[in-house]
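Chemist: Sharing protein_6.csv here; it has CSV, C-alpha atoms (C1' of nucleotides).
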chain,number,residue,atom,x,y,z
R,1,MET,CA,93.4,80.0,101.5
R,2,SER,CA,89.7,79.1,101.4
R,3,ILE,CA,88.3,81.1,98.5
R,4,SER,CA,89.5,81.6,95.0
R,5,PRO,CA,91.1,84.8,93.8
R,6,ASP,CA,88.3,85.4,91.4
R,7,THR,CA,85.6,85.2,94.0
R,8,ARG,CA,87.6,87.4,96.3
R,9,ASP,CA,88.0,90.1,93.7
R,10,ARG,CA,84.4,90.0,92.8
R,11,LEU,CA,83.4,90.2,96.5
R,12,THR,CA,85.6,93.2,97.2
R,13,ALA,CA,84.3,94.9,94.1
R,14,SER,CA,80.7,94.2,95.1
R,15,ILE,CA,81.4,95.6,98.5
R,16,ALA,CA,83.0,98.7,97.1
R,17,GLN,CA,80.1,99.2,94.8
R,18,LEU,CA,77.6,98.8,97.5
R,19,ILE,CA,79.4,101.4,99.6
R,20,ARG,CA,79.4,103.8,96.7
R,21,THR,CA,75.7,103.2,96.1
R,22,GLY,CA,75.0,103.7,99.7
R,23,ARG,CA,76.7,107.0,99.7
R,24,GLN,CA,74.8,108.0,96.7
R,25,ILE,CA,71.4,107.3,98.1
R,26,SER,CA,72.5,109.0,101.3
R,27,THR,CA,72.9,112.3,99.4
R,28,ARG,CA,70.3,111.8,96.7
R,29,ALA,CA,67.4,110.2,98.5
R,30,ALA,CA,68.1,111.6,102.0
R,31,SER,CA,64.5,112.4,102.6
R,32,GLN,CA,63.5,108.9,101.9
R,33,LEU,CA,66.1,107.5,104.3
R,34,TYR,CA,66.2,109.9,107.1
R,35,GLY,CA,63.0,111.8,107.0
R,36,GLU,CA,63.2,115.0,109.0
R,37,LEU,CA,66.3,113.9,110.8
R,38,PRO,CA,69.7,115.2,109.7
R,39,SER,CA,71.6,112.5,107.9
R,40,TYR,CA,73.5,111.3,110.9
R,41,GLY,CA,70.5,111.5,113.2
R,42,TRP,CA,69.6,107.9,112.8
R,43,THR,CA,73.0,106.6,113.7
R,44,LEU,CA,73.2,108.7,116.8
R,45,LEU,CA,69.7,108.5,118.0
R,46,LEU,CA,69.2,104.8,117.6
R,47,PRO,CA,71.6,103.8,120.4
R,48,LEU,CA,69.9,106.2,122.7
R,49,GLU,CA,66.6,104.6,122.0
R,50,GLN,CA,68.0,101.1,122.4
R,51,ASP,CA,70.2,101.5,125.4
R,52,GLY,CA,69.0,104.6,127.1
R,53,ASP,CA,70.9,107.7,128.0
R,54,GLN,CA,74.6,107.7,127.1
R,55,ARG,CA,77.4,110.1,126.9
R,56,CYS,CA,78.8,111.7,123.8
R,57,SER,CA,81.9,109.6,123.7
R,58,ALA,CA,79.9,106.4,123.9
R,59,LEU,CA,77.7,107.4,121.0
R,60,ALA,CA,80.8,108.4,119.0
R,61,ALA,CA,82.4,105.0,119.6
R,62,ARG,CA,79.1,103.3,118.7
R,63,ALA,CA,78.9,105.3,115.5
R,64,GLY,CA,82.5,104.9,114.8
R,65,ILE,CA,83.2,108.5,114.4
R,66,ASP,CA,85.5,111.0,116.2
R,67,VAL,CA,84.1,112.5,119.4
R,68,SER,CA,84.4,116.0,117.9
R,69,VAL,CA,82.1,115.0,115.0
R,70,ALA,CA,79.6,113.5,117.4
R,71,SER,CA,79.7,116.6,119.5
R,72,ARG,CA,78.8,118.8,116.6
R,73,GLN,CA,76.1,116.6,115.3
R,74,LEU,CA,74.6,116.2,118.7
R,75,ALA,CA,74.5,119.9,119.1
R,76,VAL,CA,72.4,120.1,115.9
R,77,LEU,CA,70.2,117.4,117.3
R,78,GLU,CA,69.8,119.2,120.5
R,79,ARG,CA,68.9,122.5,118.7
R,80,SER,CA,66.3,120.5,116.8
R,81,GLY,CA,64.8,119.2,120.0
R,82,TYR,CA,65.6,115.6,119.4
R,83,VAL,CA,67.9,115.1,122.4
R,84,GLU,CA,68.4,116.7,125.7
R,85,ARG,CA,71.5,117.1,127.8
R,86,HIS,CA,71.6,116.1,131.4
R,87,PRO,CA,74.6,116.3,133.6
R,88,ASP,CA,76.1,113.0,134.6
R,89,PRO,CA,75.6,112.7,138.3
R,90,ARG,CA,78.6,110.5,138.5
R,91,ASP,CA,81.0,112.6,136.4
R,92,GLY,CA,80.8,116.4,136.3
R,93,ARG,CA,82.8,116.4,133.0
R,94,ALA,CA,80.4,114.3,131.1
R,95,THR,CA,76.9,115.0,129.9
R,96,LEU,CA,74.3,112.3,129.3
R,97,LEU,CA,72.3,112.5,126.1
R,98,ARG,CA,68.6,111.7,126.4
R,99,LEU,CA,66.2,111.0,123.6
R,100,THR,CA,63.3,113.4,123.8
R,101,PRO,CA,59.7,112.5,122.8
R,102,GLN,CA,60.2,114.5,119.6
R,103,GLY,CA,63.3,112.5,118.9
R,104,ALA,CA,61.6,109.2,119.5
R,105,GLU,CA,58.8,110.4,117.3
R,106,ALA,CA,61.2,111.4,114.5
R,107,LEU,CA,62.9,108.1,114.9
R,108,ALA,CA,59.7,106.2,114.5
R,109,ALA,CA,58.7,108.3,111.5
R,110,THR,CA,62.0,107.7,109.9
R,111,ARG,CA,61.7,104.0,110.6
R,112,ALA,CA,58.4,103.8,109.0
R,113,MET,CA,59.6,105.8,106.0
R,114,ARG,CA,62.6,103.6,105.7
R,115,ALA,CA,60.5,100.5,106.0
R,116,ASP,CA,58.4,101.6,103.0
R,117,TRP,CA,61.4,102.2,101.0
R,118,ALA,CA,63.0,98.9,102.0
R,119,LEU,CA,59.8,97.1,101.3
R,120,ALA,CA,59.9,98.3,97.7
R,121,ALA,CA,63.6,97.5,97.3
R,122,LEU,CA,63.2,94.1,98.8
R,123,SER,CA,59.9,93.2,97.2
R,124,GLY,CA,61.4,90.4,95.2
R,125,TRP,CA,63.3,88.9,98.1
R,126,SER,CA,62.5,85.8,100.1
R,127,GLU,CA,62.7,85.8,103.8
R,128,HIS,CA,65.4,83.1,103.5
R,129,ASP,CA,67.6,85.1,101.2
R,130,ALA,CA,67.2,88.3,103.2
R,131,ARG,CA,68.1,86.6,106.4
R,132,ARG,CA,71.1,84.8,104.9
R,133,LEU,CA,72.4,88.1,103.4
R,134,THR,CA,72.1,89.8,106.8
R,135,ASP,CA,74.0,87.0,108.5
R,136,LEU,CA,76.7,87.0,105.9
R,137,LEU,CA,76.9,90.8,105.9
R,138,ASP,CA,77.3,90.9,109.7
R,139,ARG,CA,79.9,88.2,109.6
R,140,LEU,CA,81.8,90.0,106.8
R,141,ARG,CA,81.7,93.3,108.7
R,142,ALA,CA,83.1,91.7,111.8
R,143,ASP,CA,85.9,90.0,109.9
R,144,ILE,CA,86.7,93.2,108.1
R,145,GLU,CA,87.0,95.2,111.3
R,146,VAL,CA,89.4,92.8,112.8
R,147,ALA,CA,91.4,92.6,109.6
R,148,VAL,CA,91.9,96.4,109.3
R,149,PRO,CA,95.4,97.1,110.4
R,150,ALA,CA,95.2,100.3,112.4
R,151,ALA,CA,91.7,99.4,113.5
R,152,PRO,CA,89.7,101.9,115.4
R,153,SER,CA,91.3,102.1,118.8
R,154,ALA,CA,88.1,103.1,120.6
R,155,ALA,CA,86.1,100.3,119.1
R,156,ARG,CA,88.7,97.6,119.8
R,157,GLU,CA,89.2,98.6,123.4
R,158,PRO,CA,87.3,96.4,125.8
R,159,LEU,CA,85.3,99.2,127.1
R,160,GLY,CA,85.1,102.5,125.3
R,161,ALA,CA,88.3,103.8,126.7
R,162,GLY,CA,88.5,106.6,124.3
R,163,ARG,CA,92.0,107.4,123.4
V,1,MET,CA,55.5,91.5,101.5
V,2,SER,CA,58.0,88.7,101.3
V,3,ILE,CA,60.1,89.3,104.3
V,4,SER,CA,59.4,90.0,107.9
V,5,PRO,CA,59.7,93.5,109.4
V,6,ASP,CA,62.3,92.3,111.8
V,7,THR,CA,64.5,90.8,109.0
V,8,ARG,CA,64.1,94.0,107.0
V,9,ASP,CA,65.2,96.2,109.8
V,10,ARG,CA,68.1,94.0,110.6
V,11,LEU,CA,69.2,94.0,107.0
V,12,THR,CA,69.0,97.7,106.6
V,13,ALA,CA,70.9,98.1,109.8
V,14,SER,CA,73.6,95.8,108.6
V,15,ILE,CA,73.9,97.6,105.3
V,16,ALA,CA,74.2,100.9,107.0
V,17,GLN,CA,76.8,99.5,109.3
V,18,LEU,CA,78.8,98.1,106.5
V,19,ILE,CA,78.7,101.3,104.6
V,20,ARG,CA,79.9,103.1,107.7
V,21,THR,CA,82.7,100.6,108.2
V,22,GLY,CA,83.7,100.9,104.6
V,23,ARG,CA,84.0,104.6,104.9
V,24,GLN,CA,86.1,104.2,108.0
V,25,ILE,CA,88.6,101.8,106.5
V,26,SER,CA,88.6,104.1,103.4
V,27,THR,CA,90.1,106.8,105.5
V,28,ARG,CA,91.9,104.9,108.1
V,29,ALA,CA,93.5,102.1,106.0
V,30,ALA,CA,93.7,103.9,102.7
V,31,SER,CA,97.2,102.8,102.0
V,32,GLN,CA,96.0,99.2,102.4
V,33,LEU,CA,93.1,99.6,100.0
V,34,TYR,CA,94.4,102.1,97.4
V,35,GLY,CA,98.1,101.9,97.6
V,36,GLU,CA,99.7,104.9,96.0
V,37,LEU,CA,96.5,105.8,94.2
V,38,PRO,CA,94.2,108.5,95.5
V,39,SER,CA,91.1,107.0,97.1
V,40,TYR,CA,89.0,107.5,93.9
V,41,GLY,CA,91.7,106.2,91.7
V,42,TRP,CA,90.5,102.7,91.8
V,43,THR,CA,87.0,103.5,90.8
V,44,LEU,CA,88.0,105.7,87.9
V,45,LEU,CA,90.9,103.6,86.6
V,46,LEU,CA,89.3,100.3,86.7
V,47,PRO,CA,86.8,101.0,83.9
V,48,LEU,CA,89.7,102.2,81.8
V,49,GLU,CA,91.5,99.0,82.3
V,50,GLN,CA,88.5,96.9,81.6
V,51,ASP,CA,86.8,98.6,78.7
V,52,GLY,CA,89.6,100.7,77.2
V,53,ASP,CA,89.7,104.4,76.5
V,54,GLN,CA,86.6,106.3,77.6
V,55,ARG,CA,85.5,109.9,77.9
V,56,CYS,CA,85.1,111.8,81.2
V,57,SER,CA,81.4,111.7,81.2
V,58,ALA,CA,81.3,107.9,80.7
V,59,LEU,CA,83.7,107.4,83.7
V,60,ALA,CA,81.6,109.8,85.8
V,61,ALA,CA,78.4,107.8,85.0
V,62,ARG,CA,80.2,104.6,85.7
V,63,ALA,CA,81.4,105.8,89.0
V,64,GLY,CA,78.1,107.4,89.8
V,65,ILE,CA,79.4,110.9,90.4
V,66,ASP,CA,79.0,114.3,88.8
V,67,VAL,CA,81.0,115.1,85.8
V,68,SER,CA,82.6,118.0,87.5
V,69,VAL,CA,83.9,115.7,90.2
V,70,ALA,CA,85.3,113.2,87.7
V,71,SER,CA,86.9,116.1,85.8
V,72,ARG,CA,88.8,117.2,88.9
V,73,GLN,CA,89.8,113.8,90.0
V,74,LEU,CA,91.0,112.9,86.5
V,75,ALA,CA,93.1,116.0,86.5
V,76,VAL,CA,94.8,114.7,89.6
V,77,LEU,CA,95.3,111.3,88.0
V,78,GLU,CA,96.7,112.9,84.9
V,79,ARG,CA,99.2,115.0,86.9
V,80,SER,CA,100.2,111.8,88.7
V,81,GLY,CA,100.8,110.2,85.4
V,82,TYR,CA,98.2,107.5,85.7
V,83,VAL,CA,96.1,108.6,82.7
V,84,GLU,CA,96.7,110.4,79.5
V,85,ARG,CA,94.3,112.6,77.6
V,86,HIS,CA,93.8,112.1,73.9
V,87,PRO,CA,91.5,114.1,71.7
V,88,ASP,CA,88.5,112.1,70.5
V,89,PRO,CA,88.9,111.8,66.7
V,90,ARG,CA,85.1,111.8,66.3
V,91,ASP,CA,84.2,114.6,68.6
V,92,GLY,CA,86.4,117.6,69.1
V,93,ARG,CA,84.7,118.5,72.3
V,94,ALA,CA,85.5,115.3,74.1
V,95,THR,CA,88.8,113.9,75.3
V,96,LEU,CA,89.4,110.2,75.7
V,97,LEU,CA,91.2,109.1,78.8
V,98,ARG,CA,93.7,106.4,78.4
V,99,LEU,CA,95.4,104.3,81.1
V,100,THR,CA,99.1,104.8,81.1
V,101,PRO,CA,101.5,102.0,81.9
V,102,GLN,CA,102.1,103.6,85.2
V,103,GLY,CA,98.4,103.6,85.8
V,104,ALA,CA,98.1,100.0,85.0
V,105,GLU,CA,101.0,99.2,87.2
V,106,ALA,CA,99.5,101.1,90.1
V,107,LEU,CA,96.3,99.4,89.5
V,108,ALA,CA,98.0,96.0,89.7
V,109,ALA,CA,99.9,96.9,92.8
V,110,THR,CA,96.7,98.1,94.4
V,111,ARG,CA,95.0,94.9,93.4
V,112,ALA,CA,97.7,92.8,94.9
V,113,MET,CA,97.7,94.8,98.1
V,114,ARG,CA,93.9,94.6,98.3
V,115,ALA,CA,94.1,90.9,97.7
V,116,ASP,CA,96.4,90.4,100.6
V,117,TRP,CA,94.1,92.3,102.8
V,118,ALA,CA,91.0,90.5,101.6
V,119,LEU,CA,92.8,87.2,102.1
V,120,ALA,CA,93.3,88.0,105.7
V,121,ALA,CA,89.8,89.3,106.2
V,122,LEU,CA,88.2,86.4,104.5
V,123,SER,CA,90.5,83.7,105.9
V,124,GLY,CA,87.6,82.0,107.7
V,125,TRP,CA,85.3,82.0,104.7
V,126,SER,CA,84.4,79.2,102.5
V,127,GLU,CA,84.2,79.6,98.8
V,128,HIS,CA,80.5,78.8,98.9
V,129,ASP,CA,79.7,81.5,101.4
V,130,ALA,CA,81.8,84.1,99.7
V,131,ARG,CA,80.2,83.4,96.4
V,132,ARG,CA,76.8,83.4,97.8
V,133,LEU,CA,77.4,86.7,99.6
V,134,THR,CA,78.7,88.2,96.4
V,135,ASP,CA,75.6,87.2,94.5
V,136,LEU,CA,73.2,88.4,97.1
V,137,LEU,CA,75.1,91.7,97.4
V,138,ASP,CA,75.0,92.3,93.7
V,139,ARG,CA,71.3,91.5,93.6
V,140,LEU,CA,70.7,93.8,96.5
V,141,ARG,CA,72.6,96.7,95.0
V,142,ALA,CA,70.6,96.3,91.8
V,143,ASP,CA,67.3,96.3,93.6
V,144,ILE,CA,68.4,99.3,95.7
V,145,GLU,CA,69.3,101.3,92.6
V,146,VAL,CA,65.9,100.8,91.0
V,147,ALA,CA,64.2,101.5,94.2
V,148,VAL,CA,65.8,104.9,94.7
V,149,PRO,CA,63.5,107.4,93.1
V,150,ALA,CA,66.2,109.4,91.4
V,151,ALA,CA,65.2,112.0,93.9
V,152,PRO,CA,64.6,115.2,91.8
V,153,SER,CA,61.0,115.4,93.0
V,154,ALA,CA,61.5,114.6,96.6
V,155,ALA,CA,64.6,116.7,96.9
V,156,ARG,CA,62.8,119.9,95.8
V,157,GLU,CA,60.1,119.6,98.4
V,158,PRO,CA,59.9,122.8,100.3
V,159,LEU,CA,59.3,121.0,103.5
V,160,GLY,CA,62.4,118.9,102.9
V,161,ALA,CA,64.6,118.5,105.9
V,162,GLY,CA,67.8,120.3,106.1
V,163,ARG,CA,70.8,118.2,105.3
K,1,DG,C1',96.7,121.1,147.1
K,2,DT,C1',99.0,119.5,142.9
K,3,DC,C1',99.7,116.7,138.8
K,4,DG,C1',98.4,113.8,135.2
K,5,DT,C1',94.2,112.0,132.9
K,6,DT,C1',89.7,112.1,130.7
K,7,DC,C1',85.4,114.5,128.8
K,8,DG,C1',83.5,117.5,125.7
K,9,DT,C1',83.9,121.8,122.7
K,10,DT,C1',85.9,124.5,119.3
K,11,DG,C1',89.4,126.0,115.6
K,12,DC,C1',91.3,124.3,111.6
K,13,DA,C1',92.2,121.8,107.5
K,14,DG,C1',91.3,118.2,104.1
K,15,DA,C1',88.4,115.1,101.1
K,16,DC,C1',84.4,114.6,98.5
K,17,DC,C1',80.3,116.1,96.4
K,18,DA,C1',76.8,118.8,93.4
K,19,DC,C1',75.0,122.7,91.1
K,20,DA,C1',75.6,126.7,88.2
K,21,DA,C1',78.2,129.4,85.0
K,22,DC,C1',81.0,129.2,81.4
K,23,DC,C1',83.7,128.1,76.9
K,24,DA,C1',84.3,125.3,72.9
K,25,DA,C1',82.7,122.1,69.6
K,26,DA,C1',79.1,119.6,67.3
K,27,DT,C1',74.4,119.4,65.4
K,28,DG,C1',70.3,120.8,63.0
K,29,DG,C1',67.1,123.8,60.6
K,30,DT,C1',66.7,127.2,57.1
B,1,DA,C1',76.5,129.0,54.8
B,2,DC,C1',74.4,130.8,59.0
B,3,DC,C1',72.8,130.9,63.5
B,4,DA,C1',70.4,128.7,67.4
B,5,DT,C1',70.5,124.8,70.1
B,6,DT,C1',72.6,121.0,72.2
B,7,DT,C1',76.4,118.5,74.2
B,8,DG,C1',81.2,117.7,76.5
B,9,DG,C1',84.2,119.4,79.8
B,10,DT,C1',86.2,122.8,83.2
B,11,DT,C1',86.0,126.0,86.9
B,12,DG,C1',83.8,128.7,90.7
B,13,DT,C1',81.2,128.3,94.8
B,14,DG,C1',79.2,126.4,98.7
B,15,DG,C1',78.0,122.5,101.6
B,16,DT,C1',78.7,118.2,104.3
B,17,DC,C1',81.4,114.9,106.7
B,18,DT,C1',85.6,113.8,108.7
B,19,DG,C1',89.8,113.8,111.9
B,20,DC,C1',93.4,116.1,114.5
B,21,DA,C1',95.0,119.6,117.8
B,22,DA,C1',94.3,122.8,121.4
B,23,DC,C1',91.6,124.2,125.1
B,24,DG,C1',89.0,124.6,129.7
B,25,DA,C1',86.7,121.9,133.1
B,26,DA,C1',86.4,118.1,136.1
B,27,DC,C1',88.0,113.8,138.0
B,28,DG,C1',91.3,110.7,140.5
B,29,DA,C1',95.6,109.7,142.8
B,30,DC,C1',99.0,111.2,145.8
Before anything else, please render the file you have as structure tokens.
Modeler:
Amino acid sequence: MSISPDTRDRLTASIAQLIRTGRQISTRAASQLYGELPSYGWTLLLPLEQDGDQRCSALAARAGIDVSVASRQLAVLERSGYVERHPDPRDGRATLLRLTPQGAEALAATRAMRADWALAALSGWSEHDARRLTDLLDRLRADIEVAVPAAPSAAREPLGAGR
Amino acid sequence: MSISPDTRDRLTASIAQLIRTGRQISTRAASQLYGELPSYGWTLLLPLEQDGDQRCSALAARAGIDVSVASRQLAVLERSGYVERHPDPRDGRATLLRLTPQGAEALAATRAMRADWALAALSGWSEHDARRLTDLLDRLRADIEVAVPAAPSAAREPLGAGR
DNA sequence: GTCGTTCGTTGCAGACCACAACCAAATGGT
DNA sequence: ACCATTTGGTTGTGGTCTGCAACGAACGAC
């Protein structure tokens, strides 16, 4: 109703292309983006750093992946020494993941590496444009998530109710 | 040097999140996005519609995937009747892919379906914002592509992290 | 104590991807 | 014309990421 068909098509095409490009650099320049972390390390470790210890299901919901996937990936991260498992004192079924010093260090190293890369990619950008793009991007993602028909049940539940 | 570290971090995070969201809806709402086409159908068929008959390697390059992947996916599209193979009159090794009427029809149906979906997702957007986002997105993608170091050197590093 | 529910792990299958090996055709030097 | 090299495309193989289903263990309600 608000935007023209042409703009709409171009926008969806641009999004698709960006997603494709993102997937490419994920596989091609993994070392530039993730450092010594496995490719999914960033997505799972960052919530631990920001919000402290969490359980597997919470991380899975945050990352938007199935619990089984998170379980496997966290097992790798644990073997690499980036996270530790601690039993949840309130729930014997759950285990709380904790970021280890090595994990925090790897996260920082990856952050620095990614910053260098982004610095080069965004060298021609103004603060104004970058911030505007970020805002529009976040808004777009939020709108997309609500518009997806069978939206992620876990993410749409008020409080990580799993399924 | 132009943008602040905070904005840079937020922008990279937003991009990563959008890519993740895109992957999700690709698997979860595939019927809404691709219709009766396989998920890669859109990416491969669209260049055929826009620029006419092309060879496999050209489509692969356009899509940013390996030729072997394109070959397999085109085989599926051919079995589904969306593309035809014609020998290249100028090069006996190559085969030109041609969009069939069924392929064009499927493409149009997918386009309409995607338009409906995008219409809902972008219902709250103004023409101005949508167009600005598209421009920024394209510019970003172009900058990212040149910033990615093509990765042959970094990927062969012995110390490279496991992926 | 029993029953239904939830947490996390594991088995399984599918989609996508790239590299390497390979065949067929074109190209170029002699 | 001949043969070596290059190029276009297919197939074999292996790897990653993903979700679903089944499972045991622990929780909560009764």
Chemist: Write out as a list in words every residue belonging to chain K that has an atom at most 8 Å from any atom of chain V, counting all atoms listed in the file.
Modeler: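 Those within range of chain V come out as DC17, DA18, DA24, DA25 and DA26 of chain K.
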Chemist: Residues as selected, C-alpha atoms (C1' of nucleotides), written as a short mmCIF file (atom, residue, chain, number, x, y, z; two decimals), keeping the file's coordinate frame, can you do that?
Modeler:
data_model
loop_
_atom_site.label_atom_id
_atom_site.label_comp_id
_atom_site.auth_asym_id
_atom_site.auth_seq_id
_atom_site.Cartn_x
_atom_site.Cartn_y
_atom_site.Cartn_z
"C1'" DC K 17 80.30 116.10 96.40
"C1'" DA K 18 76.80 118.80 93.40
"C1'" DA K 24 84.30 125.30 72.90
"C1'" DA K 25 82.70 122.10 69.60
"C1'" DA K 26 79.10 119.60 67.30
#
Chemist: Return the neighbours of chain R among the residues of chain B, cut-off 7 Å, counting only C-alpha atoms (C1' of nucleotides), as an MDAnalysis selection string.
Modeler: chainID B and resid 19 25:26
Chemist: Chain R least-squares fit onto chain V, all C-alpha atoms in order: RMSD in Å?
Modeler: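 Pairing the C-alpha atoms in order and fitting gives 6.0 Å.
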Chemist: Quick one: everything within 7 Å of stretch 10-17 of chain R, counting all atoms listed in the file, minus sequence neighbours fewer than 6 positions away in the same chain. Send it as number ranges by chain.
Modeler: V: 134, 137-138
Chemist: Which residue gives the smallest distance to B:DG14 among K:DT30, K:DT10, K:DC3, K:DC19, with only C-alpha atoms (C1' of nucleotides) counted?
Modeler: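 Among the listed residues, K:DC19 lies closest to B:DG14.
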Chemist: Could you list, as a VMD selection string, the residues of chain R having an atom within 6 Å of chain V when counting all atoms listed in the file?
Modeler: chain R and resid 2 to 3 11 18 to 19 28 to 29 36 38 121 126 to 127 134 143 to 144 147
Chemist: Which value, in Å to one decimal, gives the distance between atom CA of V:Val83 and atom CA of V:Arg98?
Modeler: 5.4 Å
Chemist: One decimal, Å: what's the distance from atom CA of R:Thr100 over to atom CA of R:Leu74, could you say?
Modeler: 12.7 Å
Chemist: Within 8 Å of R:Leu45, counting only C-alpha atoms (C1' of nucleotides), which residues qualify if same-chain residues fewer than 4 places away don't, as a list in words?
Modeler: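 Final neighbour list, sorted by chain and number: Gly41, Glu49, Leu99, Gly103 and Leu107 of chain R.
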Chemist: Using Å and a single decimal, report how far atom C1' of B:DC23 sits from atom CA of R:Thr95.
Modeler: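 Going from atom CA of R:Thr95 over to atom C1' of B:DC23 covers 18.0 Å.
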Chemist: Considering all atoms listed in the file, state which residue in the set R:Thr110, R:Gln102, R:Ser71, R:Gln54 is at the smallest distance from K:DT9.
Modeler: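 Closest residue, counting all atoms listed in the file: R:Ser71.
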Chemist: Given the point (83.5, 118.5, 103.9) in the file's coordinates, find the residues that have an atom at most 10 Å from it, counting all atoms listed in the file, and give them as a ChimeraX atom specification.
Modeler: /K:13-17 /B:15-18
